[in-house]
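**Student:** So that we are looking at the same thing, I have put the structure below in structure tokens.
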Amino acid sequence: RFAKIDYSQTAEIILDHFMEWLSKETLEDSDALLLYYCFLARRDRGYRTLTDSEERDEQLLILAVKEAVVHNLFENLDMQLSEFLRYWLTIASRTDRCLNYTVKNGFILSSVLLLEARKLLEGAFELLEYELEKRWMKDAMLSSKYIYEAIRLANIYHEEARQGNWLFKILNRMLSLPESELQEEPGGT
């Protein structure tokens with residue numbers, strides 16, 4: 001009940017006095033959003049685990065992610081979710097469960113992050129390429145984020161990028177833009 005008043009403060013109280021609650025075998029659905037705030041509080045305290053049990057942490061993280069999505073906690077859900085998962089990447093990428101959830105729900109940046117963590121680099125690039133194809137010339141902001149991610153991956157994984165012609169594919173797509181789209185915006189540097 002306290003959580004409905006202030007999730008952050010309730011999470012702090014749980015971490016300070018009721019850690020055993022997190023180890024309970026079953027949590028009620030109404031508790032799942034509170035888990036998200038417990039993860040945030042642990043992060044703010046500098047911890048990399050919630051319960052010190054990898055399997056339990058993964059179960060709780062997936063519940064927390066699902067609840068953050070259900071409650072639409074963020075304005076830009078995929079961006080914020082990927083930042084949240086980046087901190088908890090060791091837990092989130094332990095198995096494919098979190099990855100399957102992000103792919104199924106269309107969280108591209110989060111999925112790419114988890115694919116990279118699981119060393120499924122070709123899958124990460126293919127997902128970005130597929131999404132670029134769908135959004136090209138329709139959503140410039142998302143397209144630029146996906147291009148940035150593809151270039152970031154290519155910059156880190158040189159050999160895989162060379163073998164898959166990742167940079168060539170991105171450059172080819174960019175060159176397919178009409179000349180009016182390639183011009184520098186006024187006031188740009």
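By convention in this document, the chains of the structure tokens carry letters A, B, ... by their order, each chain's residues are numbered from 1, and ligands are numbered from 1 in the order they are shown.
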Which residues come within 9 Å of stretch 77-80 of chain A, counting only C-alpha atoms, excluding same-chain residues fewer than 2 positions away, as number ranges by chain?

**Tutor:** A: 68-69, 72-75, 82-85, 102, 106-110

**Student:** What lies within 12 Å of stretch 9-23 of chain A using only C-alpha atoms, ignoring chain neighbours under 2 positions off, as a VMD selection string?

**Tutor:** chain A and resid 1 to 7 25 to 28 31 to 45 47 49 to 57 59 to 61 63

**Student:** Would you please give, as a PyMOL selection string, all residues of stretch 87-146 of chain A that DSSP assigns to alpha helix (DSSP H) based on the backbone?

**Tutor:** chain A and resi 87+89-92+97-104+108-117+121-135+140-146
